[in-house]
>>> print(open('final_1.txt').read())   # compact mmCIF, C-alpha atoms
# COMPACT_ATOMS: atom_id res chain seq x y z
CA MET A 1 119.84 109.75 110.38
CA SER A 2 119.00 107.78 113.53
CA VAL A 3 115.75 105.87 113.92
CA ARG A 4 114.53 108.37 116.49
CA GLY A 5 115.52 111.17 114.15
CA TRP A 6 113.50 109.60 111.35
CA GLU A 7 110.50 109.18 113.65
CA HIS A 8 110.77 112.89 114.49
CA VAL A 9 110.97 113.79 110.81
CA LEU A 10 107.98 111.65 109.90
CA GLY A 11 106.01 113.03 112.82
CA LYS A 12 106.84 116.54 111.67
CA TYR A 13 105.58 115.73 108.19
CA LEU A 14 102.32 114.30 109.56
CA LEU A 15 101.76 117.35 111.74
CA GLY A 16 102.55 119.54 108.75
CA ALA A 17 99.94 117.69 106.71
CA ILE A 18 97.28 118.37 109.35
CA ALA A 19 98.27 122.02 109.66
CA GLY A 20 98.33 122.40 105.90
CA ALA A 21 94.85 120.96 105.58
CA LEU A 22 93.55 123.45 108.15
CA LEU A 23 95.20 126.35 106.34
CA ALA A 24 93.80 125.16 103.03
CA ALA A 25 90.34 125.11 104.54
CA LEU A 26 90.66 128.81 105.41
CA ALA A 27 92.24 129.91 102.16
CA GLY A 28 90.28 130.85 99.08
CA PRO A 29 91.15 129.53 95.58
CA PRO A 30 94.00 131.40 93.86
CA ALA A 31 93.57 133.05 90.52
CA VAL A 32 94.05 130.62 87.65
CA ALA A 33 95.49 131.56 84.28
CA GLU A 34 93.07 131.59 81.38
CA ASP A 35 95.16 129.08 79.44
CA VAL A 36 94.58 126.48 82.16
CA ALA A 37 90.82 126.88 81.77
CA ALA A 38 91.17 126.71 78.00
CA PHE A 39 93.20 123.50 78.28
CA TYR A 40 90.70 121.69 80.48
CA LYS A 41 87.75 122.90 78.44
CA GLY A 42 89.24 121.06 75.49
CA HIS A 43 90.51 117.95 77.32
CA LYS A 44 89.05 115.15 79.41
CA LEU A 45 90.54 114.59 82.85
CA THR A 46 91.31 110.90 83.28
CA MET A 47 91.43 109.71 86.89
CA ILE A 48 92.83 106.22 87.53
CA ALA A 49 92.32 104.07 90.63
CA SER A 50 94.92 101.56 91.82
CA SER A 51 92.22 98.94 92.44
CA ASN A 52 89.58 97.19 90.39
CA ALA A 53 85.99 98.42 90.29
CA GLY A 54 84.33 97.94 93.67
CA GLY A 55 87.53 98.24 95.69
CA SER A 56 88.17 100.92 98.27
CA TYR A 57 90.51 103.01 96.09
CA ASP A 58 87.90 102.86 93.36
CA ALA A 59 85.16 104.02 95.75
CA TYR A 60 87.21 107.01 96.91
CA LEU A 61 88.24 108.03 93.40
CA ARG A 62 84.73 107.76 91.98
CA LEU A 63 83.38 109.87 94.83
CA LEU A 64 85.98 112.52 94.05
CA ALA A 65 85.30 112.25 90.31
CA ARG A 66 81.59 112.94 90.78
CA HIS A 67 82.31 116.33 92.37
CA ILE A 68 85.66 117.66 91.19
CA ALA A 69 84.79 118.99 87.70
CA GLN A 70 83.05 122.09 89.05
CA PHE A 71 86.30 123.14 90.74
CA VAL A 72 88.64 122.52 87.79
CA PRO A 73 89.01 125.53 85.45
CA GLY A 74 87.19 124.76 82.20
CA GLU A 75 85.09 122.05 83.92
CA PRO A 76 86.44 119.07 81.94
CA ALA A 77 84.60 115.80 81.46
CA ILE A 78 85.88 113.27 83.98
CA VAL A 79 86.79 109.74 82.96
CA VAL A 80 87.47 107.11 85.64
CA GLN A 81 89.64 104.10 84.89
CA ASN A 82 90.89 101.18 86.97
CA MET A 83 94.43 99.82 86.99
CA GLY A 84 94.67 97.52 90.00
CA ALA A 85 97.19 95.00 88.65
CA GLY A 86 100.32 94.35 90.68
CA GLY A 87 98.85 95.84 93.83
CA GLY A 88 98.99 99.30 92.23
CA MET A 89 102.51 98.93 90.82
CA VAL A 90 101.23 98.93 87.24
CA LEU A 91 99.46 102.25 87.78
CA ALA A 92 102.51 103.89 89.38
CA ASN A 93 104.70 102.83 86.47
CA HIS A 94 102.10 103.93 83.94
CA LEU A 95 101.61 107.33 85.54
CA TYR A 96 105.35 107.96 85.75
CA ASN A 97 106.41 106.67 82.34
CA THR A 98 103.46 106.44 79.95
CA ALA A 99 100.58 108.71 80.95
CA PRO A 100 100.34 112.15 79.27
CA LYS A 101 102.35 114.76 81.16
CA ASP A 102 100.00 117.59 80.24
CA GLY A 103 97.68 117.60 83.27
CA SER A 104 95.04 115.33 81.73
CA SER A 105 95.91 112.28 83.86
CA VAL A 106 95.70 111.80 87.63
CA GLY A 107 96.27 108.60 89.57
CA MET A 108 95.30 107.49 93.07
CA LEU A 109 98.47 105.65 94.08
CA ARG A 110 99.31 103.44 97.06
CA GLY A 111 101.79 104.33 99.78
CA THR A 112 103.08 100.74 99.81
CA VAL A 113 103.95 100.99 96.12
CA VAL A 114 106.02 104.10 96.79
CA GLN A 115 107.65 102.15 99.60
CA GLU A 116 108.68 99.53 97.04
CA HIS A 117 110.90 102.15 95.41
CA VAL A 118 112.48 102.86 98.79
CA PHE A 119 113.19 99.10 98.89
CA GLN A 120 114.83 99.44 95.44
CA ASN A 121 112.36 96.97 93.95
CA PRO A 122 113.35 96.66 90.25
CA GLN A 123 109.66 96.53 89.31
CA ALA A 124 109.26 100.11 90.59
CA LYS A 125 110.10 102.10 87.47
CA PHE A 126 109.58 105.46 89.14
CA ASP A 127 110.84 107.78 91.87
CA GLY A 128 108.08 108.64 94.32
CA ARG A 129 109.64 112.02 95.07
CA LYS A 130 109.21 113.17 91.48
CA PHE A 131 105.46 112.72 91.09
CA ALA A 132 103.42 115.93 91.21
CA TRP A 133 101.55 115.20 94.43
CA LEU A 134 98.07 116.72 94.49
CA GLY A 135 96.75 115.80 97.92
CA ASN A 136 95.60 112.91 100.04
CA MET A 137 92.00 112.05 100.92
CA LYS A 138 92.55 109.86 103.97
CA PHE A 139 94.77 108.74 106.86
CA ASP A 140 94.33 104.98 106.95
CA TYR A 141 94.19 102.23 109.53
CA ASP A 142 94.63 98.65 108.37
CA ALA A 143 92.56 95.64 109.39
CA CYS A 144 92.90 91.89 109.35
CA VAL A 145 89.45 90.49 108.56
CA MET A 146 88.79 86.78 109.04
CA SER A 147 86.03 84.42 108.03
CA THR A 148 84.04 83.49 111.12
CA ALA A 149 83.70 79.96 109.75
CA SER A 150 87.50 79.59 109.96
CA GLY A 151 87.45 79.65 113.75
CA VAL A 152 90.08 82.42 113.88
CA LYS A 153 88.69 84.69 116.57
CA THR A 154 91.62 86.46 118.27
CA ILE A 155 95.08 87.75 117.45
CA ALA A 156 96.46 84.85 119.50
CA ASP A 157 95.17 82.49 116.79
CA PHE A 158 97.59 84.10 114.32
CA TYR A 159 100.41 82.35 116.19
CA THR A 160 98.84 78.88 116.41
CA LYS A 161 96.83 78.34 113.19
CA GLU A 162 97.79 78.62 109.54
CA ILE A 163 96.15 81.82 108.28
CA VAL A 164 95.70 81.78 104.50
CA VAL A 165 95.07 85.31 103.26
CA GLY A 166 94.38 86.73 99.80
CA ALA A 167 96.18 89.63 98.12
CA SER A 168 96.21 91.36 94.75
CA GLY A 169 99.98 91.46 94.27
CA VAL A 170 103.41 92.10 95.76
CA GLY A 171 103.05 95.89 96.04
CA ALA A 172 99.85 95.78 98.09
CA GLN A 173 99.47 95.97 101.87
CA ALA A 174 97.38 92.79 101.68
CA TYR A 175 100.60 91.06 100.62
CA SER A 176 103.37 92.88 102.47
CA PHE A 177 101.74 93.23 105.89
CA PRO A 178 101.06 89.52 106.59
CA ILE A 179 104.46 88.53 105.17
CA VAL A 180 106.17 90.88 107.67
CA TYR A 181 103.94 89.67 110.51
CA ARG A 182 105.11 86.15 109.78
CA GLU A 183 108.80 87.01 109.54
CA LEU A 184 109.08 89.51 112.41
CA LEU A 185 106.41 88.30 114.81
CA GLY A 186 106.19 84.58 114.08
CA MET A 187 102.54 84.65 113.01
CA LYS A 188 101.53 81.79 110.71
CA PHE A 189 100.43 83.68 107.61
CA LYS A 190 100.42 82.26 104.08
CA VAL A 191 99.69 84.78 101.31
CA ILE A 192 97.92 83.83 98.06
CA PRO A 193 98.12 86.52 95.33
CA GLY A 194 95.49 86.84 92.60
CA TYR A 195 92.56 88.41 94.47
CA PRO A 196 92.37 91.87 92.85
CA GLY A 197 90.15 93.67 95.33
CA THR A 198 88.38 93.55 98.67
CA PRO A 199 85.08 92.23 97.25
CA GLU A 200 86.88 89.25 95.69
CA ARG A 201 88.60 88.47 98.99
CA VAL A 202 85.32 88.59 100.91
CA LEU A 203 83.73 86.18 98.42
CA ALA A 204 86.78 83.91 98.72
CA MET A 205 86.36 83.90 102.52
CA GLU A 206 82.70 82.96 102.14
CA ARG A 207 83.64 80.11 99.77
CA GLY A 208 86.29 78.88 102.19
CA GLU A 209 89.17 79.43 99.76
CA ILE A 210 91.04 81.66 102.20
CA THR A 211 90.94 82.25 105.92
CA GLY A 212 90.82 86.02 105.60
CA ALA A 213 92.72 89.09 104.48
CA CYS A 214 94.86 91.84 105.92
CA GLY A 215 95.42 95.00 103.92
CA ILE A 216 91.74 95.92 104.20
CA THR A 217 91.33 99.37 105.65
CA THR A 218 89.02 99.93 108.59
CA THR A 219 87.04 102.27 106.33
CA SER A 220 86.57 99.45 103.82
CA PHE A 221 85.52 97.21 106.68
CA GLY A 222 82.63 99.59 107.35
CA THR A 223 81.70 99.99 103.68
CA VAL A 224 82.80 97.28 101.23
CA VAL A 225 82.84 94.55 103.90
CA GLY A 226 79.96 95.98 105.91
CA GLU A 227 77.17 93.68 104.75
CA ALA A 228 79.20 90.49 105.23
CA ALA A 229 80.19 91.68 108.72
CA LYS A 230 76.56 92.43 109.63
CA GLU A 231 75.58 88.94 108.50
CA GLY A 232 78.27 87.48 110.76
CA LYS A 233 80.27 85.98 107.91
CA VAL A 234 83.46 87.92 108.66
CA ALA A 235 84.93 89.81 111.60
CA MET A 236 87.81 92.22 112.24
CA VAL A 237 90.28 90.34 114.42
CA ALA A 238 93.17 92.86 114.44
CA GLN A 239 94.08 96.31 113.19
CA ALA A 240 97.41 97.96 112.36
CA GLY A 241 98.81 101.47 112.31
CA SER A 242 100.71 104.03 114.34
CA ARG A 243 97.68 104.11 116.64
CA ARG A 244 94.32 102.38 117.00
CA ASP A 245 91.40 103.58 114.95
CA PRO A 246 89.23 105.41 117.52
CA ARG A 247 86.15 103.77 115.99
CA TYR A 248 87.50 100.35 116.99
CA PRO A 249 89.24 100.94 120.33
CA ASP A 250 88.81 97.35 121.49
CA VAL A 251 90.39 95.72 118.42
CA PRO A 252 94.08 94.98 119.18
CA ASN A 253 96.78 96.73 117.17
CA ILE A 254 99.46 94.46 115.70
CA LEU A 255 102.04 97.16 116.52
CA GLU A 256 101.44 96.26 120.18
CA GLU A 257 102.65 92.71 119.45
CA ALA A 258 106.25 93.93 119.00
CA LYS A 259 108.36 92.52 121.82
CA THR A 260 111.54 94.52 121.17
CA PRO A 261 112.27 98.17 120.19
CA ASP A 262 113.86 97.20 116.89
CA VAL A 263 110.84 95.15 115.82
CA ARG A 264 108.56 98.02 116.80
CA GLN A 265 110.66 100.46 114.74
CA ALA A 266 110.46 98.16 111.74
CA LEU A 267 106.68 97.87 112.07
CA GLU A 268 106.38 101.64 112.37
CA PHE A 269 108.17 101.99 109.03
CA LEU A 270 105.95 99.29 107.53
CA PHE A 271 102.86 101.20 108.65
CA ALA A 272 104.16 104.63 107.57
CA PRO A 273 102.35 104.48 104.18
CA LEU A 274 99.03 104.34 106.03
CA ALA A 275 99.46 108.10 106.43
CA LEU A 276 99.10 108.09 102.62
CA GLY A 277 95.70 106.48 102.64
CA ARG A 278 94.39 107.80 99.31
CA PRO A 279 97.09 109.99 97.70
CA LEU A 280 96.65 111.60 94.29
CA ALA A 281 99.40 112.46 91.86
CA ALA A 282 100.04 113.64 88.33
CA PRO A 283 103.02 112.52 86.23
CA PRO A 284 106.36 114.25 86.74
CA GLY A 285 106.80 117.07 84.27
CA THR A 286 103.15 118.14 84.38
CA PRO A 287 103.00 121.94 83.90
CA LYS A 288 103.10 123.69 87.27
CA ASP A 289 100.04 125.86 86.62
CA ARG A 290 97.94 122.77 85.86
CA VAL A 291 99.30 120.99 88.94
CA ALA A 292 98.35 124.03 91.03
CA ALA A 293 94.87 124.07 89.49
CA LEU A 294 94.32 120.37 90.23
CA ASP A 295 95.71 120.71 93.78
CA THR A 296 93.34 123.62 94.41
CA ALA A 297 90.40 121.74 92.86
CA ILE A 298 90.98 118.66 95.01
CA SER A 299 91.25 120.76 98.19
CA ALA A 300 88.05 122.63 97.26
CA THR A 301 86.23 119.36 96.62
CA MET A 302 87.29 118.06 100.04
CA ARG A 303 85.48 121.06 101.59
CA ASP A 304 82.40 120.93 99.37
CA LYS A 305 79.12 120.30 101.25
CA GLY A 306 77.71 118.06 98.53
CA PHE A 307 80.87 115.96 98.44
CA LEU A 308 80.99 115.61 102.23
CA ALA A 309 77.30 114.73 102.38
CA GLU A 310 77.78 111.92 99.87
CA ALA A 311 80.90 110.72 101.68
CA ASP A 312 78.89 110.58 104.91
CA LYS A 313 76.05 108.75 103.18
CA PHE A 314 78.37 106.00 101.98
CA LYS A 315 80.46 106.00 105.19
CA ILE A 316 83.61 107.11 103.39
CA ASP A 317 85.95 108.85 105.81
CA ILE A 318 87.68 112.02 104.64
CA GLU A 319 90.85 113.30 106.38
CA PRO A 320 92.47 115.44 103.66
CA SER A 321 95.84 117.08 103.19
CA ASN A 322 97.03 119.15 100.24
CA GLY A 323 99.74 118.42 97.68
CA ALA A 324 102.62 120.06 99.55
CA GLU A 325 101.92 118.19 102.78
CA THR A 326 101.48 114.92 100.88
CA ALA A 327 104.90 115.43 99.26
CA GLN A 328 106.40 116.00 102.71
CA VAL A 329 105.06 112.65 103.93
CA ILE A 330 106.62 111.02 100.86
CA ASP A 331 109.95 112.66 101.70
CA GLY A 332 109.63 111.33 105.24
CA LEU A 333 109.22 107.81 103.89
CA TYR A 334 112.44 108.17 101.91
CA ALA A 335 114.20 109.48 105.06
CA ALA A 336 113.88 106.16 106.90
CA PRO A 337 117.17 104.77 108.31
CA PRO A 338 118.81 102.15 106.04
CA THR A 339 118.83 99.58 108.84
CA VAL A 340 115.06 99.82 109.23
CA VAL A 341 114.50 99.65 105.48
CA ALA A 342 116.81 96.65 105.21
CA ARG A 343 114.97 94.74 107.92
CA ILE A 344 111.56 95.13 106.28
CA LYS A 345 113.02 94.46 102.83
CA ALA A 346 114.60 91.25 104.07
CA ALA A 347 111.27 90.14 105.53
CA LEU A 348 109.48 90.81 102.26
CA THR A 349 111.95 88.73 100.23
CA GLN A 350 110.64 85.65 102.02
CA LYS A 351 107.89 83.69 100.26
>>> encode(input="final_1.txt", output="structure tokens")
Amino acid sequence: MSVRGWEHVLGKYLLGAIAGALLAALAGPPAVAEDVAAFYKGHKLTMIASSNAGGSYDAYLRLLARHIAQFVPGEPAIVVQNMGAGGGMVLANHLYNTAPKDGSSVGMLRGTVVQEHVFQNPQAKFDGRKFAWLGNMKFDYDACVMSTASGVKTIADFYTKEIVVGASGVGAQAYSFPIVYRELLGMKFKVIPGYPGTPERVLAMERGEITGACGITTTSFGTVVGEAAKEGKVAMVAQAGSRRDPRYPDVPNILEEAKTPDVRQALEFLFAPLALGRPLAAPPGTPKDRVAALDTAISATMRDKGFLAEADKFKIDIEPSNGAETAQVIDGLYAAPPTVVARIKAALTQK
């Protein structure tokens, strides 16, 4: 498939996700078999975030967990766990290979981790197309946030000053994005792994350990990073995505830094997982009736007035799509042309 063909396919999947979300909003919940209700009445539903406590994925999952039980047949007790190691890779492997395949486990994965399987990363012990996708809570925009004390004020500084940024691990956007910016655009990024979440990176900026961090969503900038930004300790210098976040129209998009069509195409593939801002999945092999019940419950929660009111209170943006549309976006990621995949993979092999 040509690059333009892949862009068309991915665009179709994104439009399908939006249309599917609208249709889901109009549809009522389907009838659910009694055995599904009986199962969840006798089991806890474990929901696992691909970040440590306090991170953005954790915040989204805990918000969902506080409201979802009323929409799951049998109203199970909800248990939230965190598995942020390896930039979310550990969770993806756990959910695919180790977690119970009976409908009692759900994970909030990362699009970049699924992308690692497209790259044929040997650490990715899963196939993203085989997860039981349950929906997606958010379309993301990325941000590069810098310590104001560092003197890095504009995107032009990325080319002239060494920018030391923190990341959790190889599978995270905080790692992969700045590495690609360095290799494809010539920006002077140095990535230091070992900072498990956004709060730890903000503290490291304040201590002067790192210059800043990319791989922080614009939503996290308004929530997790909000207080530090208000105090003038950090600032968003650049954003990244297929388009600019309309809330930050004056912040430059790194995609606009591409000087040639092939570099732009590679960056578009890099940013494709942002369409999978907060995707939820169950292990492959989970019974279809339980997958359907969870998919329906998540969609119902996304429309719930109490859920939306709490999301608004904590400035957590919700742009949902259902399980089928989320799976289509995953398929679009796997449909990327080999030449594009190879270029990004080659960039990411650099240290």
>>> residues_near_point(input="final_1.txt", point="(108.8, 105.7, 95.8)", cutoff="6 Å", atoms="all atoms listed in the file", output="VMD selection string")
chain A and resid 114 to 115 117 to 118 127 to 128
>>> residues_around(input="final_1.txt", residues="A:Asn82", least_positions_apart="4", cutoff="12 Å", atoms="only C-alpha atoms", output="ChimeraX atom specification")
/A:46-59,61-62,87-88,90-91,94,106-109,196-197
>>> closest_residue(input="final_1.txt", among="A:Thr198, A:Ser168, A:Asn253, A:Thr148", to="A:Glu231", atoms="all atoms listed in the file")
A:Thr148
>>> atom_distance(input="final_1.txt", atom1="atom CA of A:Phe307", atom2="atom CA of A:Ala174")
28.6 Å
>>> closest_atom_pairs(input="final_1.txt", of="stretch 148-181 of chain A", to="stretch 205-208 of chain A", cutoff="9 Å", atoms="all atoms listed in the file", output="tab-separated table")
residue	atom	partner	partner_atom	distance
A:Thr148	CA	A:Met205	CA	8.9
A:Ala149	CA	A:Gly208	CA	8.1
A:Ser150	CA	A:Gly208	CA	7.9
A:Val165	CA	A:Met205	CA	8.9
A:Gly166	CA	A:Met205	CA	8.9
>>> residues_around(input="final_1.txt", residues="A:Ala229", least_positions_apart="6", cutoff="12 Å", atoms="only C-alpha atoms", output="PyMOL selection string")
chain A and resi 145-148+202+205-206+220-223+235-237
>>> closest_residue(input="final_1.txt", among="A:Ala92, A:Ala77, A:Ala65, A:Val170", to="A:Lys44", atoms="all atoms listed in the file")
A:Ala77
>>> residues_around(input="final_1.txt", residues="A:Ser104", least_positions_apart="4", cutoff="10 Å", atoms="all atoms listed in the file", output="JSON, numbers by chain")
{"A": [39, 40, 43, 44, 45, 46, 47, 76, 78, 99, 100, 282, 283, 286, 290, 294]}
>>> residues_around(input="final_1.txt", residues="A:Pro178", least_positions_apart="6", cutoff="9 Å", atoms="all atoms listed in the file", output="mmCIF file with C-alpha atoms, in the frame of the given file")
data_model
loop_
_atom_site.group_PDB
_atom_site.id
_atom_site.type_symbol
_atom_site.label_atom_id
_atom_site.label_comp_id
_atom_site.auth_asym_id
_atom_site.auth_seq_id
_atom_site.Cartn_x
_atom_site.Cartn_y
_atom_site.Cartn_z
ATOM 1 C CA CYS A 144 92.900 91.890 109.350
ATOM 2 C CA VAL A 165 95.070 85.310 103.260
ATOM 3 C CA MET A 187 102.540 84.650 113.010
ATOM 4 C CA LYS A 188 101.530 81.790 110.710
ATOM 5 C CA PHE A 189 100.430 83.680 107.610
ATOM 6 C CA LYS A 190 100.420 82.260 104.080
ATOM 7 C CA VAL A 191 99.690 84.780 101.310
ATOM 8 C CA ALA A 213 92.720 89.090 104.480
ATOM 9 C CA CYS A 214 94.860 91.840 105.920
ATOM 10 C CA GLY A 215 95.420 95.000 103.920
#
>>> closest_residue(input="final_1.txt", among="A:Pro284, A:Tyr195, A:Tyr141, A:Ile318", to="A:Thr98", atoms="only C-alpha atoms")
A:Pro284
>>> closest_residue(input="final_1.txt", among="A:Tyr60, A:Phe126, A:Tyr181, A:Phe269", to="A:Tyr159", atoms="all atoms listed in the file")
A:Tyr181
>>> atom_distance(input="final_1.txt", atom1="atom CA of A:Val234", atom2="atom CA of A:Ala309")
28.2 Å
>>> closest_residue(input="final_1.txt", among="A:Arg129, A:Ala311, A:Arg247, A:Asp142", to="A:Asp331", atoms="only C-alpha atoms")
A:Arg129
>>> decode(input="final_1.txt", residues="stretch 107-148 of chain A", atoms="C-alpha atoms", output="mmCIF file, in the first residue's frame")
data_model
loop_
_atom_site.group_PDB
_atom_site.id
_atom_site.type_symbol
_atom_site.label_atom_id
_atom_site.label_comp_id
_atom_site.auth_asym_id
_atom_site.auth_seq_id
_atom_site.Cartn_x
_atom_site.Cartn_y
_atom_site.Cartn_z
ATOM 1 C CA GLY A 107 -6.001 -2.689 30.761
ATOM 2 C CA MET A 108 -5.560 0.890 29.578
ATOM 3 C CA LEU A 109 -2.774 0.412 27.034
ATOM 4 C CA ARG A 110 -0.622 2.870 25.094
ATOM 5 C CA GLY A 111 -0.735 3.353 21.347
ATOM 6 C CA THR A 112 3.060 3.635 21.233
ATOM 7 C CA VAL A 113 3.400 0.203 22.816
ATOM 8 C CA VAL A 114 1.200 -1.295 20.104
ATOM 9 C CA GLN A 115 3.412 0.524 17.616
ATOM 10 C CA GLU A 116 6.399 -1.330 19.081
ATOM 11 C CA HIS A 117 4.872 -4.577 17.804
ATOM 12 C CA VAL A 118 4.551 -3.015 14.350
ATOM 13 C CA PHE A 119 8.292 -2.303 14.677
ATOM 14 C CA GLN A 120 8.805 -6.010 15.515
ATOM 15 C CA ASN A 121 10.320 -5.111 18.883
ATOM 16 C CA PRO A 122 11.211 -8.470 20.518
ATOM 17 C CA GLN A 123 10.069 -7.093 23.882
ATOM 18 C CA ALA A 124 6.508 -6.856 22.516
ATOM 19 C CA LYS A 125 5.169 -10.311 23.347
ATOM 20 C CA PHE A 126 1.741 -9.641 21.878
ATOM 21 C CA ASP A 127 -0.150 -8.853 18.683
ATOM 22 C CA GLY A 128 -2.113 -5.624 19.002
ATOM 23 C CA ARG A 129 -4.745 -6.838 16.554
ATOM 24 C CA LYS A 130 -5.718 -9.722 18.831
ATOM 25 C CA PHE A 131 -6.625 -7.796 21.969
ATOM 26 C CA ALA A 132 -10.354 -7.441 22.639
ATOM 27 C CA TRP A 133 -10.577 -3.671 22.207
ATOM 28 C CA LEU A 134 -13.248 -2.089 24.389
ATOM 29 C CA GLY A 135 -13.097 1.577 23.468
ATOM 30 C CA ASN A 136 -10.969 4.673 23.709
ATOM 31 C CA MET A 137 -11.532 7.621 26.045
ATOM 32 C CA LYS A 138 -9.500 10.292 24.279
ATOM 33 C CA PHE A 139 -7.858 11.609 21.105
ATOM 34 C CA ASP A 140 -4.520 12.957 22.285
ATOM 35 C CA TYR A 141 -2.192 15.806 21.457
ATOM 36 C CA ASP A 142 1.374 15.642 22.719
ATOM 37 C CA ALA A 143 3.357 18.424 24.358
ATOM 38 C CA CYS A 144 6.976 19.237 25.040
ATOM 39 C CA VAL A 145 7.088 20.942 28.432
ATOM 40 C CA MET A 146 10.267 22.701 29.533
ATOM 41 C CA SER A 147 11.542 24.117 32.789
ATOM 42 C CA THR A 148 11.474 27.896 32.573
#
